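Participant: Structure file coords07.cif (mmCIF, C-alpha atoms, pLDDT in the B column; chains and numbers go by the auth columns) is given on the next line.
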```cif
data_upload
#
loop_
_atom_site.group_PDB
_atom_site.id
_atom_site.type_symbol
_atom_site.label_atom_id
_atom_site.label_comp_id
_atom_site.label_asym_id
_atom_site.label_seq_id
_atom_site.Cartn_x
_atom_site.Cartn_y
_atom_site.Cartn_z
_atom_site.B_iso_or_equiv
_atom_site.auth_seq_id
_atom_site.auth_asym_id
ATOM 1 C CA MET A 1 15.169 -17.740 -13.064 69.00 3 A
ATOM 2 C CA ILE A 2 13.378 -14.573 -14.122 78.00 4 A
ATOM 3 C CA LYS A 3 14.212 -11.399 -12.224 79.00 5 A
ATOM 4 C CA PRO A 4 11.184 -9.761 -10.531 81.00 6 A
ATOM 5 C CA LEU A 5 9.713 -6.822 -12.440 85.00 7 A
ATOM 6 C CA PHE A 6 10.398 -4.519 -9.517 88.00 8 A
ATOM 7 C CA SER A 7 12.325 -4.666 -6.284 95.00 9 A
ATOM 8 C CA HIS A 8 12.376 -0.981 -5.326 98.00 10 A
ATOM 9 C CA VAL A 9 9.374 1.320 -5.639 98.00 11 A
ATOM 10 C CA VAL A 10 9.557 5.110 -5.260 98.00 12 A
ATOM 11 C CA VAL A 11 6.352 7.034 -4.529 98.00 13 A
ATOM 12 C CA MET A 12 5.948 10.802 -4.839 97.00 14 A
ATOM 13 C CA ILE A 13 4.222 12.458 -1.872 97.00 15 A
ATOM 14 C CA THR A 14 2.728 15.901 -2.422 93.00 16 A
ATOM 15 C CA GLY A 15 0.209 16.055 0.406 90.00 17 A
ATOM 16 C CA THR A 16 -2.746 15.696 -1.938 91.00 18 A
ATOM 17 C CA ASP A 17 -5.340 12.986 -1.426 92.00 19 A
ATOM 18 C CA ALA A 18 -4.128 11.466 -4.703 92.00 20 A
ATOM 19 C CA SER A 19 -0.555 11.164 -3.422 95.00 21 A
ATOM 20 C CA ILE A 20 -1.729 9.566 -0.171 96.00 22 A
ATOM 21 C CA MET A 21 -3.731 7.118 -2.291 96.00 23 A
ATOM 22 C CA ALA A 22 -0.540 6.369 -4.244 97.00 24 A
ATOM 23 C CA ALA A 23 1.333 5.874 -0.953 98.00 25 A
ATOM 24 C CA LYS A 24 -1.245 3.366 0.260 98.00 26 A
ATOM 25 C CA TYR A 25 -1.029 1.568 -3.081 97.00 27 A
ATOM 26 C CA ALA A 26 2.784 1.517 -2.812 98.00 28 A
ATOM 27 C CA ILE A 27 2.597 0.107 0.727 98.00 29 A
ATOM 28 C CA VAL A 28 0.253 -2.676 -0.399 97.00 30 A
ATOM 29 C CA MET A 29 2.623 -3.427 -3.306 96.00 31 A
ATOM 30 C CA ALA A 30 5.674 -3.443 -1.039 97.00 32 A
ATOM 31 C CA LYS A 31 3.954 -5.849 1.324 97.00 33 A
ATOM 32 C CA ALA A 32 2.598 -8.166 -1.367 95.00 34 A
ATOM 33 C CA TYR A 33 5.762 -8.271 -3.488 94.00 35 A
ATOM 34 C CA ARG A 34 8.333 -7.851 -0.697 95.00 36 A
ATOM 35 C CA CYS A 35 10.032 -4.929 -2.380 96.00 37 A
ATOM 36 C CA ARG A 36 11.777 -1.879 -0.950 98.00 38 A
ATOM 37 C CA LEU A 37 9.830 1.361 -0.722 98.00 39 A
ATOM 38 C CA THR A 38 10.949 4.980 -0.709 98.00 40 A
ATOM 39 C CA ALA A 39 8.533 7.885 -0.168 98.00 41 A
ATOM 40 C CA VAL A 40 9.732 11.250 -1.479 98.00 42 A
ATOM 41 C CA TYR A 41 8.499 14.762 -0.745 98.00 43 A
ATOM 42 C CA VAL A 42 10.122 17.656 -2.591 97.00 44 A
ATOM 43 C CA VAL A 43 10.104 21.199 -1.242 95.00 45 A
ATOM 44 C CA ASP A 44 9.623 23.013 -4.546 90.00 46 A
ATOM 45 C CA ILE A 45 12.187 25.772 -4.140 86.00 47 A
ATOM 46 C CA ALA A 46 12.402 26.172 -7.921 80.00 48 A
ATOM 47 C CA THR A 47 8.837 27.515 -8.029 76.00 49 A
ATOM 48 C CA ILE A 48 9.387 29.603 -4.899 74.00 50 A
ATOM 49 C CA HIS A 49 12.447 31.140 -6.561 73.00 51 A
ATOM 50 C CA GLN A 50 10.385 31.948 -9.688 73.00 52 A
ATOM 51 C CA LEU A 51 7.694 33.580 -7.554 68.00 53 A
ATOM 52 C CA THR A 52 10.326 35.698 -5.815 67.00 54 A
ATOM 53 C CA LEU A 53 11.931 36.750 -9.107 64.00 55 A
ATOM 54 C CA SER A 54 8.483 37.659 -10.460 69.00 56 A
ATOM 55 C CA LYS A 55 7.997 39.813 -7.352 70.00 57 A
ATOM 56 C CA ILE A 56 4.924 37.808 -6.349 71.00 58 A
ATOM 57 C CA PHE A 57 6.773 36.955 -3.125 69.00 59 A
ATOM 58 C CA ILE A 58 9.204 39.162 -1.276 73.00 60 A
ATOM 59 C CA GLN A 59 12.264 37.411 0.152 76.00 61 A
ATOM 60 C CA GLU A 60 10.825 37.053 3.657 79.00 62 A
ATOM 61 C CA GLU A 61 7.594 35.543 2.322 80.00 63 A
ATOM 62 C CA SER A 62 9.475 33.025 0.198 74.00 64 A
ATOM 63 C CA GLN A 63 11.585 31.939 3.166 82.00 65 A
ATOM 64 C CA GLU A 64 8.497 31.556 5.343 86.00 66 A
ATOM 65 C CA TYR A 65 6.688 29.604 2.605 80.00 67 A
ATOM 66 C CA GLU A 66 9.712 27.337 2.134 85.00 68 A
ATOM 67 C CA ARG A 67 9.811 26.588 5.883 92.00 69 A
ATOM 68 C CA SER A 68 6.079 25.862 5.790 92.00 70 A
ATOM 69 C CA LEU A 69 6.477 23.453 2.855 92.00 71 A
ATOM 70 C CA GLU A 70 9.341 21.692 4.618 96.00 72 A
ATOM 71 C CA ALA A 71 7.256 21.256 7.787 97.00 73 A
ATOM 72 C CA ASN A 72 4.369 19.922 5.684 96.00 74 A
ATOM 73 C CA GLY A 73 6.715 17.524 3.913 97.00 75 A
ATOM 74 C CA LYS A 74 8.004 16.135 7.199 98.00 76 A
ATOM 75 C CA ARG A 75 4.442 15.712 8.436 98.00 77 A
ATOM 76 C CA TYR A 76 3.290 13.926 5.252 98.00 78 A
ATOM 77 C CA LEU A 77 6.321 11.624 5.252 98.00 79 A
ATOM 78 C CA ALA A 78 5.714 10.780 8.926 98.00 80 A
ATOM 79 C CA PHE A 79 2.090 9.954 8.067 98.00 81 A
ATOM 80 C CA VAL A 80 3.198 7.641 5.248 98.00 82 A
ATOM 81 C CA GLU A 81 5.644 5.995 7.639 98.00 83 A
ATOM 82 C CA GLU A 82 2.787 5.398 10.117 98.00 84 A
ATOM 83 C CA LEU A 83 0.666 3.865 7.367 98.00 85 A
ATOM 84 C CA ALA A 84 3.543 1.590 6.307 98.00 86 A
ATOM 85 C CA HIS A 85 4.303 0.597 9.892 98.00 87 A
ATOM 86 C CA SER A 86 0.649 -0.393 10.380 98.00 88 A
ATOM 87 C CA LYS A 87 1.129 -2.943 7.578 98.00 89 A
ATOM 88 C CA GLY A 88 4.562 -4.133 8.686 97.00 90 A
ATOM 89 C CA VAL A 89 6.298 -2.408 5.777 98.00 91 A
ATOM 90 C CA LYS A 90 9.515 -0.448 6.109 98.00 92 A
ATOM 91 C CA VAL A 91 9.589 2.800 4.152 98.00 93 A
ATOM 92 C CA GLU A 92 12.599 4.986 3.558 98.00 94 A
ATOM 93 C CA GLN A 93 11.845 8.706 3.588 98.00 95 A
ATOM 94 C CA GLU A 94 13.456 11.348 1.403 98.00 96 A
ATOM 95 C CA LEU A 95 12.834 15.061 1.910 98.00 97 A
ATOM 96 C CA ARG A 96 14.404 16.926 -1.006 98.00 98 A
ATOM 97 C CA ARG A 97 14.666 20.539 -2.118 96.00 99 A
ATOM 98 C CA GLY A 98 14.582 21.692 -5.735 95.00 100 A
ATOM 99 C CA ALA A 99 12.383 21.239 -8.784 93.00 101 A
ATOM 100 C CA VAL A 100 9.902 18.433 -8.097 94.00 102 A
ATOM 101 C CA TYR A 101 10.472 16.414 -11.253 94.00 103 A
ATOM 102 C CA THR A 102 14.267 16.835 -11.186 96.00 104 A
ATOM 103 C CA GLU A 103 14.518 15.627 -7.598 97.00 105 A
ATOM 104 C CA MET A 104 12.113 12.728 -8.178 98.00 106 A
ATOM 105 C CA LEU A 105 14.169 11.570 -11.154 98.00 107 A
ATOM 106 C CA LYS A 106 17.380 11.882 -9.122 98.00 108 A
ATOM 107 C CA VAL A 107 15.961 9.779 -6.274 98.00 109 A
ATOM 108 C CA ALA A 108 14.768 7.100 -8.705 98.00 110 A
ATOM 109 C CA ASP A 109 18.239 6.958 -10.280 98.00 111 A
ATOM 110 C CA GLU A 110 20.112 7.021 -6.958 98.00 112 A
ATOM 111 C CA LYS A 111 17.912 4.272 -5.483 97.00 113 A
ATOM 112 C CA LYS A 112 17.949 2.271 -8.722 97.00 114 A
ATOM 113 C CA ALA A 113 14.145 2.226 -8.606 97.00 115 A
ATOM 114 C CA ASP A 114 12.313 -0.237 -10.814 95.00 116 A
ATOM 115 C CA LEU A 115 9.008 1.634 -10.590 97.00 117 A
ATOM 116 C CA MET A 116 7.771 5.120 -9.714 98.00 118 A
ATOM 117 C CA LEU A 117 4.242 5.714 -8.431 97.00 119 A
ATOM 118 C CA LEU A 118 2.466 9.035 -8.839 96.00 120 A
ATOM 119 C CA GLY A 119 -0.958 10.006 -7.555 93.00 121 A
ATOM 120 C CA GLY A 120 -3.598 10.591 -10.219 84.00 122 A
ATOM 121 C CA TRP A 121 -4.911 14.047 -10.962 69.00 123 A
ATOM 122 C CA GLU A 122 -7.691 15.235 -8.734 61.00 124 A
ATOM 123 C CA LYS A 123 -10.920 16.388 -10.339 61.00 125 A
ATOM 124 C CA ASP A 124 -10.844 19.859 -8.824 59.00 126 A
ATOM 125 C CA ARG A 125 -7.277 20.645 -9.909 54.00 127 A
ATOM 126 C CA SER A 126 -6.285 22.381 -13.103 52.00 128 A
ATOM 127 C CA ALA A 127 -4.588 20.182 -15.695 45.00 129 A
ATOM 128 C CA ARG A 128 -1.970 22.918 -15.971 48.00 130 A
ATOM 129 C CA ASP A 129 -0.942 23.150 -12.327 59.00 131 A
ATOM 130 C CA ILE A 130 2.552 22.554 -10.955 54.00 132 A
ATOM 131 C CA ILE A 131 1.922 18.949 -9.943 59.00 133 A
ATOM 132 C CA SER A 132 0.613 18.105 -13.405 77.00 134 A
ATOM 133 C CA HIS A 133 3.745 19.645 -14.922 83.00 135 A
ATOM 134 C CA ALA A 134 5.917 17.540 -12.601 89.00 136 A
ATOM 135 C CA HIS A 135 3.936 14.418 -13.533 90.00 137 A
ATOM 136 C CA ARG A 136 4.441 15.053 -17.249 91.00 138 A
ATOM 137 C CA GLU A 137 8.173 15.676 -16.862 94.00 139 A
ATOM 138 C CA ILE A 138 8.616 12.543 -14.755 96.00 140 A
ATOM 139 C CA MET A 139 6.708 10.399 -17.253 94.00 141 A
ATOM 140 C CA VAL A 140 8.751 11.750 -20.160 95.00 142 A
ATOM 141 C CA HIS A 141 12.214 11.546 -18.549 97.00 143 A
ATOM 142 C CA ALA A 142 12.056 8.608 -16.114 97.00 144 A
ATOM 143 C CA LYS A 143 14.392 5.702 -16.839 97.00 145 A
ATOM 144 C CA CYS A 144 12.074 3.228 -15.118 97.00 146 A
ATOM 145 C CA PRO A 145 8.348 2.514 -15.539 96.00 147 A
ATOM 146 C CA VAL A 146 5.983 5.093 -14.064 97.00 148 A
ATOM 147 C CA MET A 147 2.539 4.180 -12.761 95.00 149 A
ATOM 148 C CA LEU A 148 -0.223 6.728 -12.293 94.00 150 A
ATOM 149 C CA VAL A 149 -2.346 5.454 -9.387 94.00 151 A
ATOM 150 C CA LYS A 150 -6.100 5.851 -9.669 90.00 152 A
ATOM 151 C CA GLU A 151 -7.615 3.242 -7.369 88.00 153 A
ATOM 152 C CA PRO A 152 -10.888 4.406 -5.827 87.00 154 A
ATOM 153 C CA ALA A 153 -11.078 1.321 -3.592 93.00 155 A
ATOM 154 C CA ILE A 154 -7.581 1.742 -2.122 94.00 156 A
ATOM 155 C CA ASP A 155 -8.869 2.375 1.405 94.00 157 A
ATOM 156 C CA GLN A 156 -10.665 -0.978 1.423 95.00 158 A
ATOM 157 C CA ILE A 157 -7.714 -2.761 -0.221 95.00 159 A
ATOM 158 C CA PHE A 158 -5.339 -1.150 2.286 95.00 160 A
ATOM 159 C CA LYS A 159 -7.562 -2.136 5.206 94.00 161 A
ATOM 160 C CA TYR A 160 -7.387 -5.848 4.322 92.00 162 A
ATOM 161 C CA ALA A 161 -3.762 -5.948 3.182 88.00 163 A
#
```
Would you mind writing the file out in structure tokens?

Facilitator:
Amino acid sequence: MIKPLFSHVVVMITGTDASIMAAKYAIVMAKAYRCRLTAVYVVDIATIHQLTLSKIFIQEESQEYERSLEANGKRYLAFVEELAHSKGVKVEQELRRGAVYTEMLKVADEKKADLMLLGGWEKDRSARDIISHAHREIMVHAKCPVMLVKEPAIDQIFKYA
């Protein structure tokens, strides 16, 4: 018997519309293929640290920004959990701290993920922004397949899943 192509999917949540689209896609996949699902949000303390060292942030600002990112991450992960619950899918949540791509790769390795899903780039975002850098690093260094989700009809697909 042939082993399924994937049994554990990891999806990166950044709070962008593209990452929510990827989460919906991951939920539909998890339901259709009966695979495990982990949603990951990374508080990017590596970038915050760089901004502090560059004196763009003072220490108090960086701590406040970090707390804000953590609160956002919890909120986005809770939203993804609600979406999954609405489709009868269980999703494991991971809130990590560090460099986005490093933590995403660690989660994929720790969970023995067969597939990683990333939201596609949004039209109004620079191709050189932090998320794009994380995407590139994940695609280069991941040990499992990586899928970039660009499904404009995901809301309709999700609705009927």

Participant: Is there a way to get, as a PDB file with C-alpha atoms, in the frame of the given file, all residues within 10 Å of the point (-1.4, 8.0, -16.9) in file coordinates, counting only C-alpha atoms?

Facilitator:
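Listing of selection-v2.pdb after writing:
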```pdb
ATOM      1  CA  LEU A 120       2.466   9.035  -8.839  1.00 96.00           C
ATOM      2  CA  GLY A 121      -0.958  10.006  -7.555  1.00 93.00           C
ATOM      3  CA  GLY A 122      -3.598  10.591 -10.219  1.00 84.00           C
ATOM      4  CA  TRP A 123      -4.911  14.047 -10.962  1.00 69.00           C
ATOM      5  CA  HIS A 137       3.936  14.418 -13.533  1.00 90.00           C
ATOM      6  CA  ARG A 138       4.441  15.053 -17.249  1.00 91.00           C
ATOM      7  CA  MET A 141       6.708  10.399 -17.253  1.00 94.00           C
ATOM      8  CA  VAL A 148       5.983   5.093 -14.064  1.00 97.00           C
ATOM      9  CA  MET A 149       2.539   4.180 -12.761  1.00 95.00           C
ATOM     10  CA  LEU A 150      -0.223   6.728 -12.293  1.00 94.00           C
ATOM     11  CA  VAL A 151      -2.346   5.454  -9.387  1.00 94.00           C
ATOM     12  CA  LYS A 152      -6.100   5.851  -9.669  1.00 90.00           C
TER      13      LYS A 152
END
```

Participant: Closest to Ser21 (chain A) among A:Ala48, A:Ile60, A:Leu79, A:Leu71, using all atoms listed in the file?

Facilitator: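 Counting all atoms listed in the file, the residue closest to Ser21 (chain A) is A:Leu79.
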
Participant: So which one's closest to Val42 (chain A), A:Val11, A:Ile58, A:Met106, A:Ala101? Using all atoms listed in the file, please.

Facilitator: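 Once distances to Val42 (chain A) are computed over all atoms listed in the file, the minimum belongs to A:Met106.
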
Participant: Select, from A:Lys92, A:Glu112, A:Phe8, A:Met23, the residue with the minimum atom-to-atom distance to Leu39 (chain A), counting all atoms listed in the file.

Facilitator: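 Closest candidate: A:Lys92.
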
Participant: Between A:Val45, A:Ala28, A:Val82, A:Ala110, which has the minimum distance to Leu97 (chain A) (counting only C-alpha atoms)?

Facilitator: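 With only C-alpha atoms as the atom set, the closest residue is A:Val45.
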
Participant: Mind pulling up the distance from CA of His87 (chain A) to CA of Asp116 (chain A)?

Facilitator: 22.2 Å

Participant: Translate the PyMOL selection byres ((chain A and resi 10) around 9) into a concrete residue list for this structure, as an MDAnalysis selection string.

Facilitator: chainID A and resid 8:9 11:12 32 37:40 113:118

Participant: Could you write those residues out with C-alpha atoms, as an mmCIF file, keeping the file's coordinate frame?

Facilitator:
```
data_model
loop_
_atom_site.group_PDB
_atom_site.id
_atom_site.type_symbol
_atom_site.label_atom_id
_atom_site.label_comp_id
_atom_site.auth_asym_id
_atom_site.auth_seq_id
_atom_site.Cartn_x
_atom_site.Cartn_y
_atom_site.Cartn_z
ATOM 1 C CA PHE A 8 10.398 -4.519 -9.517
ATOM 2 C CA SER A 9 12.325 -4.666 -6.284
ATOM 3 C CA VAL A 11 9.374 1.320 -5.639
ATOM 4 C CA VAL A 12 9.557 5.110 -5.260
ATOM 5 C CA ALA A 32 5.674 -3.443 -1.039
ATOM 6 C CA CYS A 37 10.032 -4.929 -2.380
ATOM 7 C CA ARG A 38 11.777 -1.879 -0.950
ATOM 8 C CA LEU A 39 9.830 1.361 -0.722
ATOM 9 C CA THR A 40 10.949 4.980 -0.709
ATOM 10 C CA LYS A 113 17.912 4.272 -5.483
ATOM 11 C CA LYS A 114 17.949 2.271 -8.722
ATOM 12 C CA ALA A 115 14.145 2.226 -8.606
ATOM 13 C CA ASP A 116 12.313 -0.237 -10.814
ATOM 14 C CA LEU A 117 9.008 1.634 -10.590
ATOM 15 C CA MET A 118 7.771 5.120 -9.714
#
```

Participant: Please list as a PDB file with C-alpha atoms, in the frame of the given file every residue within 7 Å of Arg98 (chain A), counting all atoms listed in the file and excluding residues in the same chain fewer than 4 positions away.

Facilitator:
```
ATOM      1  CA  TYR A  43       8.499  14.762  -0.745  1.00 98.00           C
ATOM      2  CA  VAL A  44      10.122  17.656  -2.591  1.00 97.00           C
ATOM      3  CA  VAL A  45      10.104  21.199  -1.242  1.00 95.00           C
ATOM      4  CA  GLU A 105      14.518  15.627  -7.598  1.00 97.00           C
TER       5      GLU A 105
END
```

Participant: Using all atoms listed in the file, which residues sit within 12 Å of Gly90 (chain A) once same-chain residues fewer than 6 positions away are excluded, as a short mmCIF file (atom, residue, chain, number, x, y, z; two decimals) with C-alpha atoms, keeping the file's coordinate frame?

Facilitator:
```
data_model
loop_
_atom_site.label_atom_id
_atom_site.label_comp_id
_atom_site.auth_asym_id
_atom_site.auth_seq_id
_atom_site.Cartn_x
_atom_site.Cartn_y
_atom_site.Cartn_z
CA ILE A 29 2.60 0.11 0.73
CA VAL A 30 0.25 -2.68 -0.40
CA ALA A 32 5.67 -3.44 -1.04
CA LYS A 33 3.95 -5.85 1.32
CA ALA A 34 2.60 -8.17 -1.37
CA ARG A 36 8.33 -7.85 -0.70
CA GLU A 83 5.64 6.00 7.64
CA GLU A 84 2.79 5.40 10.12
CA ALA A 163 -3.76 -5.95 3.18
#
```

Participant: Which of these, A:Ser88, A:Ala24, A:His143, A:Leu7, has the shortest distance to Tyr162 (chain A) once you count all atoms listed in the file?

Facilitator: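 The shortest atom-to-atom distance to Tyr162 (chain A) comes from A:Ser88.
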
Participant: Could you tell me how far CA of Gly75 (chain A) sits from CA of Lys161 (chain A), in Å to one decimal place?

Facilitator: 24.3 Å
